[in-house]
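Engineer: File work-v5.cif below, mmCIF, C-alpha atoms:
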```
data_protein
loop_
_atom_site.label_atom_id
_atom_site.label_comp_id
_atom_site.auth_asym_id
_atom_site.auth_seq_id
_atom_site.Cartn_x
_atom_site.Cartn_y
_atom_site.Cartn_z
CA ALA N 121 96.70 100.35 116.05
CA GLN N 122 96.31 101.88 112.63
CA LYS N 123 94.49 100.15 109.82
CA VAL N 124 93.66 100.92 106.20
CA THR N 125 90.79 99.24 104.39
CA GLN N 126 90.33 99.20 100.64
CA ALA N 127 87.17 97.21 100.21
CA GLN N 128 87.29 97.12 96.43
CA THR N 129 89.62 94.33 95.40
CA GLU N 130 89.19 94.89 91.68
CA ILE N 131 87.38 97.45 89.53
CA SER N 132 86.95 97.20 85.78
CA VAL N 133 85.64 100.10 83.71
CA VAL N 134 85.65 101.13 80.09
CA GLU N 135 88.00 103.88 79.03
CA LYS N 136 86.72 107.43 79.56
CA GLU N 137 84.49 106.44 82.47
CA ASP N 138 85.01 108.06 85.85
CA VAL N 139 86.02 105.75 88.68
CA THR N 140 86.34 106.19 92.44
CA LEU N 141 88.61 104.11 94.64
CA ASP N 142 87.58 103.95 98.28
CA CYS N 143 89.85 104.12 101.29
CA VAL N 144 88.81 103.97 104.94
CA TYR N 145 91.33 104.29 107.73
CA GLU N 146 91.53 103.80 111.49
CA THR N 147 93.88 105.59 113.84
CA ARG N 148 93.89 106.81 117.42
CA ASP N 149 96.31 109.63 116.67
CA THR N 150 95.16 113.17 116.07
CA THR N 151 98.06 113.86 113.73
CA TYR N 152 98.53 111.54 110.81
CA TYR N 153 99.23 111.47 107.09
CA LEU N 154 97.41 109.75 104.27
CA PHE N 155 98.91 108.70 100.96
CA TRP N 156 97.98 107.17 97.65
CA TYR N 157 100.46 105.16 95.64
CA LYS N 158 100.15 103.61 92.19
CA GLN N 159 101.78 100.28 91.35
CA PRO N 160 101.77 99.66 87.59
CA PRO N 161 102.52 96.23 86.12
CA SER N 162 106.23 97.08 86.21
CA GLY N 163 105.94 96.83 89.99
CA GLU N 164 107.51 100.06 91.21
CA LEU N 165 105.38 102.10 93.61
CA VAL N 166 104.72 105.64 92.42
CA PHE N 167 103.73 108.37 94.87
CA LEU N 168 100.52 110.22 93.95
CA ILE N 169 99.52 112.38 96.90
CA ARG N 170 100.01 113.08 100.62
CA ARG N 171 97.49 114.66 102.96
CA ASN N 172 97.91 115.60 106.61
CA SER N 173 95.10 115.22 109.10
CA PHE N 174 94.65 118.95 109.54
CA ASP N 175 94.02 119.67 105.90
CA GLU N 176 90.63 118.46 104.72
CA GLN N 177 90.66 120.50 101.57
CA ASN N 178 90.01 118.37 98.54
CA GLU N 179 92.68 118.31 95.89
CA ILE N 180 92.61 118.06 92.13
CA SER N 181 95.56 117.28 89.91
CA GLY N 182 94.63 116.93 86.28
CA ARG N 183 92.28 113.96 85.96
CA TYR N 184 92.93 112.91 89.56
CA SER N 185 91.07 114.19 92.59
CA TRP N 186 90.98 113.24 96.25
CA ASN N 187 88.20 113.60 98.79
CA PHE N 188 89.36 113.58 102.42
CA GLN N 189 86.60 113.39 105.04
CA LYS N 190 87.63 113.04 108.69
CA SER N 191 84.01 112.57 109.76
CA THR N 192 83.88 109.25 107.93
CA SER N 193 87.63 108.47 108.12
CA SER N 194 87.79 108.23 104.37
CA PHE N 195 90.25 109.36 101.73
CA ASN N 196 88.78 108.46 98.36
CA PHE N 197 90.48 108.82 95.00
CA THR N 198 88.66 109.61 91.76
CA ILE N 199 90.00 109.33 88.25
CA THR N 200 88.03 111.31 85.70
CA ALA N 201 87.91 110.22 82.06
CA SER N 202 89.97 107.12 82.75
CA GLN N 203 92.62 105.95 80.33
CA VAL N 204 94.17 102.55 79.67
CA VAL N 205 97.45 103.81 81.16
CA ASP N 206 95.64 104.23 84.49
CA SER N 207 95.45 100.45 84.79
CA ALA N 208 97.40 99.52 87.91
CA VAL N 209 97.04 98.55 91.54
CA TYR N 210 96.37 101.56 93.74
CA PHE N 211 97.27 101.61 97.41
CA CYS N 212 96.07 103.88 100.15
CA ALA N 213 98.43 104.24 103.12
CA LEU N 214 98.55 105.85 106.55
CA SER N 215 101.40 107.19 108.65
CA GLU N 216 100.98 108.21 112.27
CA ALA N 217 103.06 111.14 113.42
CA ASN N 218 102.83 110.75 117.17
CA ASN N 219 104.70 107.49 117.55
CA PRO N 220 107.65 108.28 119.84
CA VAL N 221 109.43 105.11 118.72
CA GLY N 222 109.42 106.11 115.10
CA GLY N 223 110.61 109.63 115.76
CA GLY N 224 107.89 111.06 113.63
CA ALA N 225 108.88 109.59 110.27
CA ASP N 226 107.02 106.33 110.60
CA GLY N 227 106.61 103.43 108.30
CA LEU N 228 103.46 103.36 106.23
CA THR N 229 100.51 101.10 106.86
CA PHE N 230 99.08 100.09 103.51
CA GLY N 231 95.70 98.80 102.48
CA LYS N 232 95.49 95.66 100.37
CA GLY N 233 95.12 97.67 97.20
CA THR N 234 92.53 98.01 94.47
CA HIS N 235 93.33 96.53 91.08
CA LEU N 236 91.99 98.96 88.50
CA ILE N 237 91.46 97.68 84.98
CA ILE N 238 90.67 100.18 82.26
CA GLN N 239 89.36 98.48 79.16
CA PRO N 240 89.82 100.17 75.79
CA GLY F 94 119.02 112.20 89.83
CA ALA F 95 119.13 108.51 90.58
CA GLY F 96 116.25 106.93 92.41
CA VAL F 97 116.32 104.18 95.01
CA SER F 98 118.15 101.13 93.73
CA GLN F 99 117.96 97.58 95.01
CA THR F 100 120.10 94.56 94.27
CA PRO F 101 119.67 91.86 93.29
CA SER F 102 116.40 92.25 91.40
CA ASN F 103 115.75 88.54 91.83
CA LYS F 104 117.11 86.07 94.33
CA VAL F 105 116.37 82.36 94.40
CA THR F 106 117.63 80.41 97.37
CA GLU F 107 117.04 77.16 99.15
CA LYS F 108 115.29 76.74 102.46
CA GLY F 109 117.71 77.21 105.33
CA LYS F 110 120.15 79.44 103.46
CA TYR F 111 121.23 82.96 104.37
CA VAL F 112 120.49 85.92 102.07
CA GLU F 113 121.38 89.58 101.94
CA LEU F 114 119.37 92.20 100.09
CA ARG F 115 120.86 95.60 99.38
CA CYS F 116 119.27 99.03 99.15
CA ASP F 117 120.91 102.21 97.92
CA PRO F 118 118.71 105.21 98.83
CA ILE F 119 118.44 108.56 97.13
CA SER F 120 121.45 110.68 97.98
CA GLY F 121 120.78 112.95 100.94
CA HIS F 122 117.80 110.99 102.23
CA THR F 123 118.29 110.33 105.92
CA ALA F 124 115.31 108.03 106.40
CA LEU F 125 115.28 104.51 104.95
CA TYR F 126 112.52 101.92 105.15
CA TRP F 127 112.18 98.23 104.37
CA TYR F 128 108.85 96.68 103.44
CA ARG F 129 107.76 93.22 102.35
CA GLN F 130 105.02 92.66 99.78
CA SER F 131 103.41 89.28 99.33
CA LEU F 132 101.36 88.45 96.25
CA GLY F 133 98.05 90.27 96.21
CA GLN F 134 98.82 92.26 99.35
CA GLY F 135 99.93 95.75 100.18
CA PRO F 136 103.49 96.38 101.37
CA GLU F 137 104.06 95.51 105.00
CA PHE F 138 106.43 97.65 107.08
CA LEU F 139 109.52 95.91 108.44
CA ILE F 140 112.02 98.47 109.73
CA TYR F 141 112.88 102.15 109.57
CA PHE F 142 116.29 103.80 109.87
CA GLN F 143 116.97 107.41 110.69
CA GLY F 144 120.62 107.85 109.85
CA THR F 145 122.58 104.83 111.03
CA GLY F 146 120.21 103.71 113.76
CA ALA F 147 117.11 101.60 113.52
CA ALA F 148 114.43 103.95 114.86
CA ASP F 149 111.66 101.38 114.58
CA ASP F 150 112.12 97.65 113.96
CA SER F 151 108.70 96.63 115.20
CA GLY F 152 107.75 95.16 111.83
CA LEU F 153 110.49 92.54 111.66
CA PRO F 154 108.64 89.20 111.87
CA ASN F 155 111.22 87.35 113.98
CA ASP F 156 114.89 87.25 114.91
CA ARG F 157 115.89 85.65 111.62
CA PHE F 158 115.51 89.10 110.06
CA PHE F 159 118.08 91.80 110.66
CA ALA F 160 119.01 95.03 108.89
CA VAL F 161 121.94 97.39 109.07
CA ARG F 162 122.86 100.81 107.74
CA PRO F 163 126.39 101.33 109.04
CA GLU F 164 127.23 104.60 107.30
CA GLY F 165 123.78 106.09 107.09
CA SER F 166 123.41 105.44 103.39
CA VAL F 167 123.30 101.91 101.94
CA SER F 168 121.30 99.38 103.90
CA THR F 169 121.37 95.60 103.91
CA LEU F 170 118.48 93.39 104.95
CA LYS F 171 119.71 90.03 106.17
CA ILE F 172 117.60 86.90 106.47
CA GLN F 173 118.96 83.84 108.22
CA ARG F 174 117.71 80.26 107.83
CA THR F 175 115.27 81.25 105.13
CA GLU F 176 111.86 79.62 105.02
CA ARG F 177 109.44 79.21 102.12
CA GLY F 178 107.15 81.73 103.80
CA ASP F 179 109.83 84.40 103.39
CA SER F 180 109.20 84.41 99.63
CA ALA F 181 108.00 87.89 98.70
CA VAL F 182 109.10 91.13 97.09
CA TYR F 183 111.24 93.15 99.47
CA LEU F 184 110.88 96.87 98.90
CA CYS F 185 113.12 99.65 100.07
CA ALA F 186 112.11 103.30 100.32
CA SER F 187 113.85 106.48 101.36
CA SER F 188 112.74 109.94 102.34
CA LEU F 189 114.17 113.21 103.57
CA GLY F 190 112.90 112.29 107.01
CA GLY F 191 110.55 114.19 109.20
CA ARG F 192 106.88 113.68 109.74
CA GLY F 193 104.77 112.49 106.89
CA GLY F 194 107.55 112.70 104.36
CA GLU F 195 107.01 111.31 100.90
CA GLN F 196 108.69 107.94 100.56
CA PHE F 197 110.34 107.05 97.27
CA PHE F 198 110.36 103.35 96.53
CA GLY F 199 112.87 101.18 94.76
CA PRO F 200 111.99 98.44 92.26
CA GLY F 201 112.23 95.72 94.88
CA THR F 202 114.00 92.38 95.20
CA ARG F 203 111.92 89.31 94.46
CA LEU F 204 113.01 86.59 96.88
CA THR F 205 112.03 83.01 96.18
CA VAL F 206 112.80 80.35 98.75
CA LEU F 207 112.58 76.84 97.35
#
```
Would it be possible to restate this file's structure as structure tokens?
Structural biologist:
Amino acid sequence: AQKVTQAQTEISVVEKEDVTLDCVYETRDTTYYLFWYKQPPSGELVFLIRRNSFDEQNEISGRYSWNFQKSTSSFNFTITASQVVDSAVYFCALSEANNPVGGGADGLTFGKGTHLIIQP
Amino acid sequence: GAGVSQTPSNKVTEKGKYVELRCDPISGHTALYWYRQSLGQGPEFLIYFQGTGAADDSGLPNDRFFAVRPEGSVSTLKIQRTERGDSAVYLCASSLGGRGGEQFFGPGTRLTVL
């Protein structure tokens, strides 16, 4: 069965510091998808990125970057020059694509989240 | 365009009562998902619809929980004989379907069972 572990329950940094949120996953499938979502205090989950298991290329989007390493089953998320508005709970999630029951568009398995606090 | 909407935003009920939670997905999205999020936890998958049919209901905790999507658009999550442990935020998401599709989430319904 799939599993996502976010070992960091809470991280607190001062504004402008860089911060990395860790995500480790477990799956027996060879085809799968990894996601990061942001949940601000308002509560609504906001999609940040999706990665498929065949694409290990790292990605950068503005101050955000993601490091996907299949060898260590990790998909870490780094925020550069953090800002107060980055304060939120961040979730890593996994979707397996080979589940015949789900028809390929499976439900996500989420980690427990990392509460990121950016202090001014 | 409009995002995923959920009603009500808050629902308070008494133990043993029946509740219905509604989800209106993004227009054109064929896949619809229900999740449950308890305090301090990540969302937990409940059920997934592709069109009108439940393609995967393996996450429903027991037979008190049931969901329908009769016309392939709006979905209703139904909980019978509610228990205090059912208190959580119930999230709905929709996507275009297909493997690994981005899921767009609604604001959730906060259910409190007294």
Engineer: Using only C-alpha atoms, can you tell me which of N:Ile238, N:Ala213, N:Val133, N:Cys143 comes closest to N:Asn187?
Structural biologist: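 Closest residue, counting only C-alpha atoms: N:Cys143.
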Engineer: Which one is closest to N:Lys158: F:Gly135, F:Pro154, F:Gly144, F:Gly194? Count all atoms listed in the file.
Structural biologist: F:Gly135
Engineer: Find the residue from F:Lys104, F:Pro136, F:Asp117, F:Ala95 that sits nearest to N:Gly163; use all atoms listed in the file when measuring.
Structural biologist: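 Selected residue with least distance to N:Gly163: F:Pro136.
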Engineer: As a check of understanding, name the residues that the PyMOL selection byres ((chain N) within 8 of (chain F)) selects in the supplied structure, as a ChimeraX atom specification.
Structural biologist: /N:152-153,163-167,170,172,211,215-217,221-233
Engineer: So how far away is atom CA of N:Leu214 from atom CA of N:Asp149, in Å?
Structural biologist: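 Atom CA of N:Leu214 lies at a distance of 11.0 Å from atom CA of N:Asp149.
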Engineer: For the structure provided, state which residues fall under the PyMOL selection byres ((chain F and resi 203) around 8), and present them as a list in words.
Structural biologist: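 Written out, the selection comes to Ser102, Asn103, Lys104, Ser180, Ala181, Val182, Tyr183, Gly201, Thr202, Leu204 and Thr205 of chain F.
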Engineer: Just say which residues the PyMOL selection byres ((chain F and resi 176) around 10) picks in this file, as a JSON list (two decimals) with C-alpha atoms, in the coordinates of the input.
Structural biologist:
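Here's the written file out19.json:
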```json
[["chain", "number", "residue", "atom", "x", "y", "z"],
["F", 106, "THR", "CA", 117.63, 80.41, 97.37],
["F", 107, "GLU", "CA", 117.04, 77.16, 99.15],
["F", 108, "LYS", "CA", 115.29, 76.74, 102.46],
["F", 109, "GLY", "CA", 117.71, 77.21, 105.33],
["F", 110, "LYS", "CA", 120.15, 79.44, 103.46],
["F", 111, "TYR", "CA", 121.23, 82.96, 104.37],
["F", 157, "ARG", "CA", 115.89, 85.65, 111.62],
["F", 172, "ILE", "CA", 117.60, 86.90, 106.47],
["F", 173, "GLN", "CA", 118.96, 83.84, 108.22],
["F", 174, "ARG", "CA", 117.71, 80.26, 107.83],
["F", 175, "THR", "CA", 115.27, 81.25, 105.13],
["F", 177, "ARG", "CA", 109.44, 79.21, 102.12],
["F", 178, "GLY", "CA", 107.15, 81.73, 103.80],
["F", 179, "ASP", "CA", 109.83, 84.40, 103.39],
["F", 180, "SER", "CA", 109.20, 84.41, 99.63],
["F", 205, "THR", "CA", 112.03, 83.01, 96.18],
["F", 206, "VAL", "CA", 112.80, 80.35, 98.75],
["F", 207, "LEU", "CA", 112.58, 76.84, 97.35]]
```
Engineer: Separation of atom CA of N:Lys136 and atom CA of N:Ser207, in Å?
Structural biologist: 12.3 Å
Engineer: Separation of atom CA of N:Glu137 and atom CA of N:Lys190, in Å?
Structural biologist: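 Between these atoms lies a distance of 27.2 Å.
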Engineer: Can you pull out every residue within 8 Å of stretch 198-200 of chain N, counting all atoms listed in the file, but drop anything in the same chain fewer than 6 positions away, and send it as a VMD selection string?
Structural biologist: chain N and resid 136 to 141 183 to 186
Engineer: Using only C-alpha atoms, determine which residues lie at most 9 Å from F:Ser120, disregarding the query and same-chain residues fewer than 5 positions distant; provide the list as a PyMOL selection string.
Structural biologist: chain F and resi 94-97+166
Engineer: Give me the residues within 8 Å of N:Tyr210 as a PyMOL selection string, counting only C-alpha atoms and dropping any in the same chain fewer than 3 places off.
Structural biologist: chain N and resi 156-159+233-236
Engineer: Which residue gives the smallest distance to F:Val161 among F:Val105, F:Glu113, F:Gln99, F:Leu132, with only C-alpha atoms counted?
Structural biologist: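 Smallest distance to F:Val161 is found for F:Glu113.
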Engineer: Write out as a PyMOL selection string which residues come within 9 Å of F:Gly146 when counting all atoms listed in the file, dropping same-chain ones fewer than 6 positions away.
Structural biologist: chain F and resi 161-163+165
Engineer: From the block I gave, I'd like stretch 140-176 of chain F written with N, CA and C atoms, as a PDB file, in the first residue's frame.
Structural biologist:
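And here is the file that came out, part_0.pdb:
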```pdb
ATOM      1  N   ILE F 140     -13.887   8.359  -1.466  1.00  0.00           N
ATOM      2  CA  ILE F 140     -14.524   7.767  -2.635  1.00  0.00           C
ATOM      3  C   ILE F 140     -14.225   8.601  -3.862  1.00  0.00           C
ATOM      4  N   TYR F 141     -14.216   7.925  -5.003  1.00  0.00           N
ATOM      5  CA  TYR F 141     -13.931   8.579  -6.283  1.00  0.00           C
ATOM      6  C   TYR F 141     -14.991   8.169  -7.298  1.00  0.00           C
ATOM      7  N   PHE F 142     -15.510   9.165  -8.002  1.00  0.00           N
ATOM      8  CA  PHE F 142     -16.484   8.939  -9.075  1.00  0.00           C
ATOM      9  C   PHE F 142     -15.844   9.278 -10.410  1.00  0.00           C
ATOM     10  N   GLN F 143     -16.107   8.431 -11.380  1.00  0.00           N
ATOM     11  CA  GLN F 143     -15.799   8.754 -12.769  1.00  0.00           C
ATOM     12  C   GLN F 143     -17.156   8.784 -13.464  1.00  0.00           C
ATOM     13  N   GLY F 144     -17.617   9.976 -13.823  1.00  0.00           N
ATOM     14  CA  GLY F 144     -18.967  10.088 -14.333  1.00  0.00           C
ATOM     15  C   GLY F 144     -19.974   9.840 -13.217  1.00  0.00           C
ATOM     16  N   THR F 145     -20.938   8.988 -13.475  1.00  0.00           N
ATOM     17  CA  THR F 145     -21.981   8.717 -12.490  1.00  0.00           C
ATOM     18  C   THR F 145     -21.629   7.586 -11.536  1.00  0.00           C
ATOM     19  N   GLY F 146     -20.663   6.769 -11.910  1.00  0.00           N
ATOM     20  CA  GLY F 146     -20.366   5.586 -11.117  1.00  0.00           C
ATOM     21  C   GLY F 146     -19.224   5.777 -10.139  1.00  0.00           C
ATOM     22  N   ALA F 147     -19.345   5.107  -9.006  1.00  0.00           N
ATOM     23  CA  ALA F 147     -18.269   5.132  -8.018  1.00  0.00           C
ATOM     24  C   ALA F 147     -17.187   4.163  -8.468  1.00  0.00           C
ATOM     25  N   ALA F 148     -16.071   4.691  -8.949  1.00  0.00           N
ATOM     26  CA  ALA F 148     -14.992   3.846  -9.455  1.00  0.00           C
ATOM     27  C   ALA F 148     -14.171   3.240  -8.325  1.00  0.00           C
ATOM     28  N   ASP F 149     -14.161   3.895  -7.178  1.00  0.00           N
ATOM     29  CA  ASP F 149     -13.375   3.399  -6.053  1.00  0.00           C
ATOM     30  C   ASP F 149     -13.978   3.944  -4.770  1.00  0.00           C
ATOM     31  N   ASP F 150     -14.596   3.069  -3.970  1.00  0.00           N
ATOM     32  CA  ASP F 150     -15.165   3.506  -2.694  1.00  0.00           C
ATOM     33  C   ASP F 150     -14.440   2.859  -1.523  1.00  0.00           C
ATOM     34  N   SER F 151     -13.204   2.470  -1.769  1.00  0.00           N
ATOM     35  CA  SER F 151     -12.446   1.731  -0.759  1.00  0.00           C
ATOM     36  C   SER F 151     -12.135   2.543   0.491  1.00  0.00           C
ATOM     37  N   GLY F 152     -12.246   3.866   0.404  1.00  0.00           N
ATOM     38  CA  GLY F 152     -11.928   4.705   1.549  1.00  0.00           C
ATOM     39  C   GLY F 152     -13.096   4.975   2.485  1.00  0.00           C
ATOM     40  N   LEU F 153     -14.287   4.583   2.106  1.00  0.00           N
ATOM     41  CA  LEU F 153     -15.439   4.811   2.991  1.00  0.00           C
ATOM     42  C   LEU F 153     -15.242   3.981   4.262  1.00  0.00           C
ATOM     43  N   PRO F 154     -15.337   4.591   5.428  1.00  0.00           N
ATOM     44  CA  PRO F 154     -14.988   3.883   6.667  1.00  0.00           C
ATOM     45  C   PRO F 154     -15.951   2.765   7.050  1.00  0.00           C
ATOM     46  N   ASN F 155     -17.204   2.886   6.720  1.00  0.00           N
ATOM     47  CA  ASN F 155     -18.189   1.850   7.054  1.00  0.00           C
ATOM     48  C   ASN F 155     -19.470   2.113   6.265  1.00  0.00           C
ATOM     49  N   ASP F 156     -20.463   1.258   6.473  1.00  0.00           N
ATOM     50  CA  ASP F 156     -21.673   1.363   5.649  1.00  0.00           C
ATOM     51  C   ASP F 156     -22.599   2.494   6.072  1.00  0.00           C
ATOM     52  N   ARG F 157     -22.198   3.294   7.039  1.00  0.00           N
ATOM     53  CA  ARG F 157     -23.010   4.483   7.359  1.00  0.00           C
ATOM     54  C   ARG F 157     -22.750   5.600   6.336  1.00  0.00           C
ATOM     55  N   PHE F 158     -21.667   5.455   5.602  1.00  0.00           N
ATOM     56  CA  PHE F 158     -21.279   6.472   4.623  1.00  0.00           C
ATOM     57  C   PHE F 158     -21.674   6.003   3.228  1.00  0.00           C
ATOM     58  N   PHE F 159     -22.263   6.923   2.477  1.00  0.00           N
ATOM     59  CA  PHE F 159     -22.683   6.599   1.116  1.00  0.00           C
ATOM     60  C   PHE F 159     -22.613   7.876   0.284  1.00  0.00           C
ATOM     61  N   ALA F 160     -22.277   7.757  -0.983  1.00  0.00           N
ATOM     62  CA  ALA F 160     -22.224   8.931  -1.847  1.00  0.00           C
ATOM     63  C   ALA F 160     -22.842   8.600  -3.187  1.00  0.00           C
ATOM     64  N   VAL F 161     -23.445   9.623  -3.795  1.00  0.00           N
ATOM     65  CA  VAL F 161     -24.068   9.456  -5.097  1.00  0.00           C
ATOM     66  C   VAL F 161     -23.676  10.609  -6.007  1.00  0.00           C
ATOM     67  N   ARG F 162     -23.802  10.354  -7.288  1.00  0.00           N
ATOM     68  CA  ARG F 162     -23.554  11.381  -8.313  1.00  0.00           C
ATOM     69  C   ARG F 162     -24.443  11.035  -9.502  1.00  0.00           C
ATOM     70  N   PRO F 163     -25.728  11.183  -9.347  1.00  0.00           N
ATOM     71  CA  PRO F 163     -26.707  10.611 -10.288  1.00  0.00           C
ATOM     72  C   PRO F 163     -26.618  11.114 -11.722  1.00  0.00           C
ATOM     73  N   GLU F 164     -26.200  12.357 -11.913  1.00  0.00           N
ATOM     74  CA  GLU F 164     -26.156  12.902 -13.271  1.00  0.00           C
ATOM     75  C   GLU F 164     -24.733  13.204 -13.716  1.00  0.00           C
ATOM     76  N   GLY F 165     -23.781  12.720 -12.965  1.00  0.00           N
ATOM     77  CA  GLY F 165     -22.392  12.911 -13.357  1.00  0.00           C
ATOM     78  C   GLY F 165     -21.844  14.294 -13.089  1.00  0.00           C
ATOM     79  N   SER F 166     -22.573  15.070 -12.292  1.00  0.00           N
ATOM     80  CA  SER F 166     -22.081  16.401 -11.952  1.00  0.00           C
ATOM     81  C   SER F 166     -22.061  16.552 -10.433  1.00  0.00           C
ATOM     82  N   VAL F 167     -23.137  17.097  -9.868  1.00  0.00           N
ATOM     83  CA  VAL F 167     -23.225  17.290  -8.420  1.00  0.00           C
ATOM     84  C   VAL F 167     -23.183  15.944  -7.700  1.00  0.00           C
ATOM     85  N   SER F 168     -22.502  15.956  -6.557  1.00  0.00           N
ATOM     86  CA  SER F 168     -22.437  14.747  -5.737  1.00  0.00           C
ATOM     87  C   SER F 168     -22.906  15.056  -4.324  1.00  0.00           C
ATOM     88  N   THR F 169     -23.481  14.050  -3.685  1.00  0.00           N
ATOM     89  CA  THR F 169     -23.915  14.183  -2.309  1.00  0.00           C
ATOM     90  C   THR F 169     -23.292  13.076  -1.479  1.00  0.00           C
ATOM     91  N   LEU F 170     -22.661  13.454  -0.400  1.00  0.00           N
ATOM     92  CA  LEU F 170     -22.129  12.484   0.567  1.00  0.00           C
ATOM     93  C   LEU F 170     -23.148  12.377   1.693  1.00  0.00           C
ATOM     94  N   LYS F 171     -23.543  11.164   1.985  1.00  0.00           N
ATOM     95  CA  LYS F 171     -24.597  10.938   2.976  1.00  0.00           C
ATOM     96  C   LYS F 171     -24.026  10.145   4.141  1.00  0.00           C
ATOM     97  N   ILE F 172     -24.309  10.607   5.335  1.00  0.00           N
ATOM     98  CA  ILE F 172     -23.835   9.921   6.538  1.00  0.00           C
ATOM     99  C   ILE F 172     -25.040   9.620   7.418  1.00  0.00           C
ATOM    100  N   GLN F 173     -25.226   8.347   7.688  1.00  0.00           N
ATOM    101  CA  GLN F 173     -26.345   7.921   8.536  1.00  0.00           C
ATOM    102  C   GLN F 173     -25.855   7.724   9.970  1.00  0.00           C
ATOM    103  N   ARG F 174     -26.786   7.886  10.921  1.00  0.00           N
ATOM    104  CA  ARG F 174     -26.500   7.616  12.332  1.00  0.00           C
ATOM    105  C   ARG F 174     -25.138   8.192  12.721  1.00  0.00           C
ATOM    106  N   THR F 175     -25.002   9.484  12.552  1.00  0.00           N
ATOM    107  CA  THR F 175     -23.715  10.123  12.797  1.00  0.00           C
ATOM    108  C   THR F 175     -23.187   9.844  14.194  1.00  0.00           C
ATOM    109  N   GLU F 176     -21.869   9.785  14.267  1.00  0.00           N
ATOM    110  CA  GLU F 176     -21.163   9.573  15.529  1.00  0.00           C
ATOM    111  C   GLU F 176     -20.207  10.736  15.754  1.00  0.00           C
TER     112      GLU F 176
END
```
